[in-house]
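Containing compact mmCIF, C-alpha atoms: input_23.txt.
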# COMPACT_ATOMS: atom_id res chain seq x y z
CA MET J 222 -42.76 -0.75 0.41
CA VAL J 223 -42.33 -1.15 -3.33
CA ARG J 224 -42.06 -4.79 -4.35
CA GLY J 225 -38.49 -5.86 -5.12
CA MET J 226 -36.88 -2.73 -3.72
CA ALA J 227 -33.71 -3.63 -1.89
CA VAL J 228 -32.57 -2.17 1.39
CA GLU J 229 -29.20 -0.83 0.37
CA GLN J 230 -26.51 0.05 2.88
CA THR J 231 -24.29 3.02 2.22
CA ASP J 232 -20.59 2.41 1.69
CA ALA J 233 -19.93 4.00 5.07
CA GLN J 234 -22.34 1.66 6.85
CA LEU J 235 -20.76 -1.35 5.18
CA VAL J 236 -17.23 -0.24 6.13
CA SER J 237 -18.34 0.33 9.70
CA ARG J 238 -19.76 -3.21 9.88
CA CYS J 239 -16.49 -4.62 8.47
CA ARG J 240 -14.53 -2.78 11.10
CA ASP J 241 -16.79 -4.15 13.82
CA GLY J 242 -15.90 -7.67 12.68
CA ASP J 243 -19.34 -8.49 11.27
CA ALA J 244 -18.83 -11.88 9.62
CA GLY J 245 -20.98 -11.19 6.56
CA ALA J 246 -19.87 -7.62 6.00
CA TRP J 247 -16.53 -8.44 4.42
CA ASN J 248 -18.24 -10.74 1.91
CA GLU J 249 -20.59 -7.91 0.99
CA PHE J 250 -17.68 -5.48 0.78
CA VAL J 251 -15.84 -7.70 -1.70
CA GLU J 252 -19.08 -8.32 -3.62
CA ARG J 253 -19.81 -4.58 -3.85
CA PHE J 254 -16.38 -3.45 -5.02
CA SER J 255 -15.05 -6.47 -6.92
CA ARG J 256 -16.39 -5.28 -10.29
CA TYR J 257 -14.93 -1.83 -9.74
CA VAL J 258 -11.43 -3.05 -8.87
CA TYR J 259 -11.55 -5.55 -11.73
CA ALA J 260 -12.66 -2.89 -14.21
CA ILE J 261 -9.94 -0.44 -13.18
CA SER J 262 -7.17 -2.98 -13.72
CA SER J 263 -8.53 -4.58 -16.87
CA ARG J 264 -10.21 -1.59 -18.55
CA GLY J 265 -8.29 1.36 -17.17
CA PHE J 266 -4.82 -0.17 -17.20
CA ARG J 267 -5.45 -3.03 -19.65
CA LEU J 268 -3.57 -5.52 -17.52
CA ALA J 269 -3.43 -9.12 -18.71
CA GLN J 270 -5.71 -11.45 -16.77
CA HIS J 271 -3.02 -12.97 -14.50
CA ASP J 272 -1.59 -9.53 -13.66
CA ALA J 273 -5.09 -8.19 -13.01
CA GLU J 274 -5.70 -11.14 -10.67
CA ASP J 275 -2.56 -10.39 -8.64
CA VAL J 276 -3.55 -6.74 -8.37
CA PHE J 277 -7.13 -7.68 -7.44
CA GLN J 278 -5.99 -9.94 -4.58
CA GLU J 279 -3.46 -7.41 -3.31
CA VAL J 280 -6.03 -4.59 -3.34
CA PHE J 281 -8.44 -6.57 -1.17
CA ALA J 282 -5.64 -7.86 1.08
CA ARG J 283 -4.47 -4.30 1.77
CA ALA J 284 -8.04 -3.07 2.12
CA TYR J 285 -8.68 -5.77 4.72
CA GLU J 286 -5.51 -4.93 6.62
CA ARG J 287 -5.88 -1.15 6.45
CA LEU J 288 -9.58 -0.51 6.63
CA SER J 289 -9.10 0.96 10.09
CA GLU J 290 -6.77 3.62 8.63
CA LEU J 291 -9.50 5.01 6.40
CA ARG J 292 -10.12 8.61 7.45
CA SER J 293 -13.70 8.76 6.29
CA ASP J 294 -15.84 5.66 5.75
CA ASP J 295 -17.64 7.51 2.96
CA ALA J 296 -14.37 7.77 1.04
CA VAL J 297 -13.87 4.05 0.62
CA ARG J 298 -14.51 4.03 -3.12
CA PRO J 299 -11.90 6.69 -4.04
CA TRP J 300 -9.52 5.04 -1.57
CA LEU J 301 -9.91 1.70 -3.35
CA ALA J 302 -9.52 3.39 -6.72
CA GLN J 303 -6.29 5.02 -5.61
CA LEU J 304 -4.97 1.78 -4.14
CA THR J 305 -5.81 -0.13 -7.32
CA ARG J 306 -4.29 2.56 -9.48
CA ARG J 307 -1.02 2.52 -7.51
CA LEU J 308 -0.75 -1.26 -7.64
CA CYS J 309 -1.49 -1.31 -11.38
CA ILE J 310 1.25 1.26 -12.00
CA ASP J 311 3.69 -0.78 -9.89
CA ARG J 312 2.81 -3.85 -11.91
CA LEU J 313 3.26 -2.04 -15.22
CA ARG J 314 6.67 -0.75 -14.08
CA LEU J 315 7.70 -4.27 -13.14
CA LEU J 316 6.56 -5.59 -16.51
CA ALA J 317 8.38 -2.77 -18.33
CA ARG J 318 11.58 -3.60 -16.48
CA ASP J 319 11.35 -7.23 -17.56
CA THR J 320 10.14 -6.49 -21.09
CA PRO J 321 10.91 -2.92 -22.17
CA SER J 322 8.30 -1.47 -24.51
CA ASP J 323 7.75 1.84 -26.30
CA ALA J 324 4.12 1.93 -25.22
CA GLU J 325 3.68 4.55 -22.51
CA LEU J 326 0.77 4.83 -20.16
CA ASP J 327 -1.17 8.05 -20.63
CA GLU J 328 -2.52 8.81 -17.17
CA ARG J 329 -5.10 11.22 -18.59
CA ASP J 330 -6.69 8.30 -20.43
CA VAL J 331 -6.75 6.39 -17.16
CA ASP J 332 -8.37 9.36 -15.42
CA ASP J 333 -11.11 9.41 -18.06
CA VAL J 334 -11.76 5.70 -17.62
CA LEU J 335 -11.87 6.05 -13.83
CA THR J 336 -14.38 8.90 -14.06
CA THR J 337 -16.59 6.80 -16.31
CA LEU J 338 -16.27 3.80 -13.99
CA ASP J 339 -17.37 6.01 -11.10
CA ASP J 340 -20.48 6.91 -13.08
CA ALA J 341 -20.98 3.21 -13.76
CA MET J 342 -20.73 2.44 -10.03
CA ASP J 343 -23.33 5.12 -9.27
CA VAL J 344 -25.67 3.58 -11.82
CA ARG J 345 -24.93 0.13 -10.40
CA SER J 346 -25.83 1.41 -6.97
CA ALA J 347 -29.17 2.70 -8.31
CA LEU J 348 -29.74 -0.73 -9.88
CA ASP J 349 -29.06 -2.41 -6.53
CA LYS J 350 -31.65 -0.12 -4.97
CA VAL J 351 -34.23 -1.02 -7.62
CA GLY J 352 -33.53 -4.67 -6.75
CA ASP J 353 -34.80 -7.87 -8.33
CA PRO J 354 -36.08 -8.88 -10.79
CA CYS J 355 -34.70 -5.84 -12.65
CA ARG J 356 -31.23 -6.24 -11.17
CA GLU J 357 -31.08 -9.85 -12.30
CA ILE J 358 -32.37 -9.13 -15.80
CA LEU J 359 -30.14 -6.11 -16.46
CA ASP J 360 -27.10 -7.77 -14.92
CA ARG J 361 -27.51 -10.82 -17.11
CA PHE J 362 -28.10 -8.78 -20.27
CA PHE J 363 -25.58 -5.95 -19.91
CA CYS J 364 -22.90 -7.26 -17.56
CA ARG J 365 -22.88 -10.95 -18.40
CA ASP J 366 -23.78 -10.51 -22.06
CA GLU J 367 -26.45 -13.23 -21.98
CA SER J 368 -28.95 -13.65 -24.83
CA TYR J 369 -32.71 -13.11 -24.43
CA ARG J 370 -33.12 -16.87 -24.71
CA ALA J 371 -30.56 -17.62 -21.97
CA ILE J 372 -32.15 -15.02 -19.68
CA GLY J 373 -35.62 -16.37 -20.38
CA GLU J 374 -34.55 -19.92 -19.56
CA ALA J 375 -32.66 -18.93 -16.42
CA LEU J 376 -35.47 -16.81 -15.01
CA ASP J 377 -38.33 -18.87 -16.41
CA ILE J 378 -39.90 -16.00 -18.34
CA PRO J 379 -40.84 -15.91 -22.05
CA ALA J 380 -37.86 -14.79 -24.16
CA GLY J 381 -40.21 -12.62 -26.23
CA THR J 382 -40.89 -10.39 -23.23
CA ILE J 383 -37.24 -9.78 -22.27
CA ALA J 384 -36.71 -6.72 -24.48
CA SER J 385 -39.70 -4.90 -23.00
CA ARG J 386 -38.69 -5.89 -19.47
CA ILE J 387 -35.19 -4.55 -20.07
CA SER J 388 -36.66 -1.30 -21.33
CA ARG J 389 -38.95 -0.93 -18.29
CA CYS J 390 -36.12 -1.82 -15.90
CA LEU J 391 -33.78 0.74 -17.47
CA GLU J 392 -36.46 3.35 -16.96
CA LYS J 393 -36.77 2.38 -13.28
CA VAL J 394 -33.00 2.66 -12.83
CA ARG J 395 -33.02 6.08 -14.52
CA ILE J 396 -35.79 7.31 -12.21
CA GLU J 397 -33.95 5.97 -9.16
CA PHE J 398 -30.69 7.50 -10.34
CA ASP J 399 -32.26 10.88 -11.09
CA GLY J 400 -33.88 10.88 -7.65
CA ARG J 401 -30.53 10.32 -5.97
CA GLU J 402 -28.73 12.92 -8.02
CA GLY J 403 -31.52 15.38 -7.35
CA ALA J 404 -31.36 14.63 -3.62
CA SER J 405 -27.59 15.20 -3.50
CA ARG J 406 -27.80 18.48 -5.41
CA PRO J 407 -27.21 21.57 -3.24
CA SER J 408 -30.41 23.58 -2.74
CA MET Y 292 -24.96 16.66 -11.73
CA ASN Y 293 -25.04 13.66 -14.05
CA VAL Y 294 -28.10 12.86 -16.08
CA PHE Y 295 -28.17 9.67 -18.11
CA ASP Y 296 -30.79 8.36 -20.49
CA GLU Y 297 -31.65 4.67 -20.66
CA GLU Y 298 -29.17 3.98 -23.44
CA GLN Y 299 -26.31 5.52 -21.47
CA ILE Y 300 -27.35 3.59 -18.37
CA GLY Y 301 -27.12 0.36 -20.35
CA ARG Y 302 -23.69 1.33 -21.66
CA LEU Y 303 -22.44 2.15 -18.15
CA LEU Y 304 -23.74 -1.12 -16.72
CA ARG Y 305 -21.84 -2.98 -19.44
CA LEU Y 306 -18.57 -1.52 -18.11
CA LEU Y 307 -18.85 -3.49 -14.89
CA PRO Y 308 -18.85 -7.21 -15.67
CA PRO Y 309 -18.46 -9.51 -12.68
CA ALA Y 310 -14.90 -10.34 -11.63
CA PRO Y 311 -14.07 -14.04 -12.02
CA GLU Y 312 -15.78 -16.05 -9.28
CA GLY Y 313 -12.55 -17.61 -8.00
CA TRP Y 314 -11.00 -14.18 -7.47
CA VAL Y 315 -13.99 -12.98 -5.50
CA ARG Y 316 -14.07 -16.15 -3.39
CA ALA Y 317 -10.35 -15.86 -2.59
CA ALA Y 318 -10.80 -12.23 -1.52
CA GLN Y 319 -13.78 -13.19 0.64
CA GLU Y 320 -11.66 -15.81 2.38
CA LEU Y 321 -9.14 -13.20 3.56
CA PRO Y 322 -10.37 -13.09 7.17
CA ALA Y 323 -9.75 -16.85 7.50
CA ALA Y 324 -6.37 -16.51 5.76
CA ARG Y 325 -5.47 -13.70 8.12
CA ALA Y 326 -6.28 -15.89 11.13
CA THR Y 327 -4.06 -18.63 9.68
CA LEU Y 328 -1.27 -16.12 9.15
CA ASP Y 329 -1.50 -14.92 12.76
CA GLU Y 330 -1.26 -18.49 14.05
CA LEU Y 331 1.74 -19.28 11.84
CA VAL Y 332 3.53 -16.10 12.84
CA ALA Y 333 2.93 -16.82 16.53
CA ARG Y 334 4.30 -20.34 16.08
CA ALA Y 335 7.35 -19.10 14.17
CA GLU Y 336 8.12 -16.63 16.94
CA GLN Y 337 8.12 -19.41 19.54
CA ASP Y 338 9.62 -22.27 17.53
CA ALA Y 339 13.09 -21.77 16.01
CA ALA Y 340 12.96 -25.08 14.13
CA PHE Y 341 9.69 -24.11 12.47
CA ARG Y 342 11.19 -20.75 11.55
CA LEU Y 343 14.06 -22.54 9.81
CA GLN Y 344 11.60 -24.77 7.95
CA LEU Y 345 9.76 -21.68 6.74
CA GLN Y 346 12.99 -20.15 5.52
CA ALA Y 347 13.99 -23.35 3.73
CA ASP Y 348 10.70 -24.12 1.97
CA LEU Y 349 7.86 -21.89 2.97
CA GLU Y 350 4.96 -23.58 1.22
CA ARG Y 351 5.99 -27.05 2.34
CA ALA Y 352 6.41 -25.88 5.93
CA VAL Y 353 2.95 -24.29 5.92
CA THR Y 354 1.38 -27.45 4.48
CA ALA Y 355 3.27 -29.68 6.93
CA ALA Y 356 1.96 -27.54 9.78
CA GLY Y 357 -1.57 -28.41 8.62
CA TYR Y 358 -2.51 -25.13 6.94
CA GLU Y 359 -3.55 -24.17 3.44
CA PRO Y 360 -0.68 -22.28 1.74
CA SER Y 361 -2.97 -19.67 0.18
CA PRO Y 362 -1.31 -16.93 -1.92
CA TYR Y 363 -2.10 -14.39 0.79
CA VAL Y 364 -0.52 -16.45 3.60
CA VAL Y 365 2.53 -17.28 1.49
CA SER Y 366 3.14 -13.72 0.28
CA ARG Y 367 2.76 -12.16 3.73
CA LEU Y 368 4.95 -14.80 5.40
CA ARG Y 369 7.58 -14.30 2.70
CA GLN Y 370 7.56 -10.55 3.37
CA LEU Y 371 8.02 -11.19 7.10
CA ILE Y 372 10.87 -13.64 6.55
CA GLU Y 373 12.63 -11.29 4.12
CA ALA Y 374 12.26 -8.38 6.55
CA ASP Y 375 13.66 -10.52 9.39

Using structure tokens, write down the structure from this file.
Amino acid sequence: MVRGMAVEQTDAQLVSRCRDGDAGAWNEFVERFSRYVYAISSRGFRLAQHDAEDVFQEVFARAYERLSELRSDDAVRPWLAQLTRRLCIDRLRLLARDTPSDAELDERDVDDVLTTLDDAMDVRSALDKVGDPCREILDRFFCRDESYRAIGEALDIPAGTIASRISRCLEKVRIEFDGREGASRPS
Amino acid sequence: MNVFDEEQIGRLLRLLPPAPEGWVRAAQELPAARATLDELVARAEQDAAFRLQLQADLERAVTAAGYEPSPYVVSRLRQLIEAD
């Protein structure tokens, strides 16, 4: 086994565990999809923070209540995207009723953002597979916007080596990602 | 098939910052909130006085019954009362 490689469950396996009432599975489910739901509402629909929070909680509440209605466990990500999208649109309609505005939502723009976020989730999944310490370093640098110094202090590694570690880790994620894409390509 | 170079991978990772911790924690507590909701609904079905208390001041009635009035519990109870 390669050091640091994580054993990653598929979305379908995770959904199945949630449905079986596995105590830890729901926590993992929220952990896995929280960034995605958050990004759709804040990046795709540009909701203000308090509106995005309401949507976020409602998405997971409905997901928890309706997970058993999911037709295919593999389809959980598009299902969540659709649910989030619908709740964001409802919220925007409510806001427009209270405070009419000329600004109209262009759904094609939202589609573009959602496609890009799907790519980002695929890359994130490859990063999870690569595991720590790369996951920790890249997450801190790209997702949490931490400086080399802050990363160095948090992980107890020399700040001067962070740039080269990031570079090597990105390469590992690319190789992992290419392997997956290659494997899913029809022969 | 998507092919990304290292620079694009970095840009894509940047699009997924963590959701605020409190939001994630609240979502993770949904199973417990759901259990609370089920208990409160069962009690309301059996206890007319409690049902009236819920209709009068939902959050206070939930707290007085010894439960945490989480947003999930309050919103779902409100929906049930309004549908009643």

>> Tell me as a ChimeraX atom specification which residues belonging to chain Y come within 9 Å of chain J, counting only C-alpha atoms.
In response: /Y:292-298,300-311,314-322,325,362-363

>> Which residue is closest to Y:Glu373? Choose from Y:Ala355, Y:Ala324, Y:Leu345, Y:Ala340 and count all atoms listed in the file.
In response: Y:Leu345

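Comparing the minimum interatomic distances between Y:Asp348 and each of Y:Gly313, Y:Pro360, Y:Ala323, Y:Ala333, counting all atoms listed in the file, we find that Y:Pro360 sits nearest.
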
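From atom CA of Y:Gln299 back to atom CA of J:Asp349, the distance works out to 17.1 Å.
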
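The point (2.2, -25.5, 12.3) has these residues within 12 Å of it when all atoms listed in the file are used: Thr327, Leu328, Asp329, Glu330, Leu331, Val332, Ala333, Arg334, Ala335, Glu336, Gln337, Asp338, Ala340, Phe341, Arg342, Gln344, Leu345, Leu349, Glu350, Arg351, Ala352, Val353, Thr354, Ala355, Ala356, Gly357, Tyr358, Glu359 and Pro360 of chain Y.
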
Provide an axis-aligned box for all listed atoms of stretch 284-299 of chain J, padding each side by 6 Å; report its centre and its edge lengths in Å to one decimal, as JSON.
{"center_x": -11.6, "center_y": 1.5, "center_z": 3.0, "size_x": 24.1, "size_y": 26.5, "size_z": 26.1}

> Please, what distance in Å, to one decimal, runs between atom CA of J:Pro354 and atom CA of J:Leu376?
Replying inline: 9.0 Å

> What does the distance from atom CA of J:Ser293 to atom CA of J:Gly265 come to in Å, to one decimal?
Replying inline: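 A separation of 25.2 Å between them.
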
>> Excluding stretch 298-300 of chain J and its own-chain neighbours fewer than 2 positions away, which residues fall within 9 Å of it when counting all atoms listed in the file? Please give them as JSON, numbers by chain.
In response: {"J": [232, 254, 257, 291, 295, 296, 302, 303, 304, 305, 339]}

Completion step: stretch 338-368 of chain Y with N, CA and C atoms as a CSV table (one decimal), keeping the file's coordinate frame:
chain,number,residue,atom,x,y,z
Y,338,ASP,N,9.0,-21.0,17.9
Y,338,ASP,CA,9.6,-22.3,17.5
Y,338,ASP,C,10.7,-22.0,16.5
Y,339,ALA,N,12.0,-22.1,16.9
Y,339,ALA,CA,13.1,-21.8,16.0
Y,339,ALA,C,13.2,-22.8,14.9
Y,340,ALA,N,12.9,-24.1,15.2
Y,340,ALA,CA,13.0,-25.1,14.1
Y,340,ALA,C,11.9,-24.8,13.0
Y,341,PHE,N,10.7,-24.4,13.5
Y,341,PHE,CA,9.7,-24.1,12.5
Y,341,PHE,C,10.1,-22.9,11.6
Y,342,ARG,N,10.7,-21.9,12.3
Y,342,ARG,CA,11.2,-20.8,11.6
Y,342,ARG,C,12.2,-21.1,10.5
Y,343,LEU,N,13.1,-22.1,10.8
Y,343,LEU,CA,14.1,-22.5,9.8
Y,343,LEU,C,13.4,-23.3,8.7
Y,344,GLN,N,12.4,-24.1,9.0
Y,344,GLN,CA,11.6,-24.8,8.0
Y,344,GLN,C,10.9,-23.8,7.0
Y,345,LEU,N,10.4,-22.7,7.6
Y,345,LEU,CA,9.8,-21.7,6.7
Y,345,LEU,C,10.8,-21.0,5.8
Y,346,GLN,N,11.9,-20.8,6.3
Y,346,GLN,CA,13.0,-20.2,5.5
Y,346,GLN,C,13.5,-21.1,4.4
Y,347,ALA,N,13.5,-22.4,4.7
Y,347,ALA,CA,14.0,-23.4,3.7
Y,347,ALA,C,13.0,-23.6,2.6
Y,348,ASP,N,11.7,-23.8,3.0
Y,348,ASP,CA,10.7,-24.1,2.0
Y,348,ASP,C,9.4,-23.7,2.6
Y,349,LEU,N,9.0,-22.5,2.3
Y,349,LEU,CA,7.9,-21.9,3.0
Y,349,LEU,C,6.5,-22.7,2.7
Y,350,GLU,N,6.2,-22.9,1.5
Y,350,GLU,CA,5.0,-23.6,1.2
Y,350,GLU,C,4.9,-25.0,1.8
Y,351,ARG,N,6.0,-25.7,1.8
Y,351,ARG,CA,6.0,-27.0,2.3
Y,351,ARG,C,5.8,-27.0,3.9
Y,352,ALA,N,6.5,-26.0,4.5
Y,352,ALA,CA,6.4,-25.9,5.9
Y,352,ALA,C,5.0,-25.5,6.4
Y,353,VAL,N,4.3,-24.7,5.6
Y,353,VAL,CA,3.0,-24.3,5.9
Y,353,VAL,C,2.0,-25.5,5.8
Y,354,THR,N,2.2,-26.2,4.7
Y,354,THR,CA,1.4,-27.4,4.5
Y,354,THR,C,1.6,-28.5,5.6
Y,355,ALA,N,2.9,-28.7,5.9
Y,355,ALA,CA,3.3,-29.7,6.9
Y,355,ALA,C,2.7,-29.3,8.3
Y,356,ALA,N,2.5,-28.0,8.5
Y,356,ALA,CA,2.0,-27.5,9.8
Y,356,ALA,C,0.4,-27.7,9.8
Y,357,GLY,N,-0.1,-28.1,8.7
Y,357,GLY,CA,-1.6,-28.4,8.6
Y,357,GLY,C,-2.4,-27.2,8.1
Y,358,TYR,N,-1.8,-26.3,7.4
Y,358,TYR,CA,-2.5,-25.1,6.9
Y,358,TYR,C,-2.5,-25.1,5.4
Y,359,GLU,N,-3.5,-24.4,4.9
Y,359,GLU,CA,-3.6,-24.2,3.4
Y,359,GLU,C,-2.6,-23.0,3.0
Y,360,PRO,N,-1.6,-23.4,2.1
Y,360,PRO,CA,-0.7,-22.3,1.7
Y,360,PRO,C,-1.3,-21.3,0.7
Y,361,SER,N,-2.3,-20.6,1.1
Y,361,SER,CA,-3.0,-19.7,0.2
Y,361,SER,C,-2.0,-18.6,-0.3
Y,362,PRO,N,-2.2,-18.0,-1.4
Y,362,PRO,CA,-1.3,-16.9,-1.9
Y,362,PRO,C,-1.1,-15.8,-0.9
Y,363,TYR,N,-2.2,-15.5,-0.2
Y,363,TYR,CA,-2.1,-14.4,0.8
Y,363,TYR,C,-1.2,-14.8,1.9
Y,364,VAL,N,-1.4,-16.0,2.5
Y,364,VAL,CA,-0.5,-16.4,3.6
Y,364,VAL,C,0.9,-16.5,3.2
Y,365,VAL,N,1.2,-17.1,2.0
Y,365,VAL,CA,2.5,-17.3,1.5
Y,365,VAL,C,3.2,-15.9,1.3
Y,366,SER,N,2.5,-15.0,0.6
Y,366,SER,CA,3.1,-13.7,0.3
Y,366,SER,C,3.4,-12.9,1.6
Y,367,ARG,N,2.5,-12.9,2.5
Y,367,ARG,CA,2.8,-12.2,3.7
Y,367,ARG,C,3.9,-12.8,4.6
Y,368,LEU,N,3.9,-14.1,4.6
Y,368,LEU,CA,5.0,-14.8,5.4
Y,368,LEU,C,6.3,-14.5,4.8
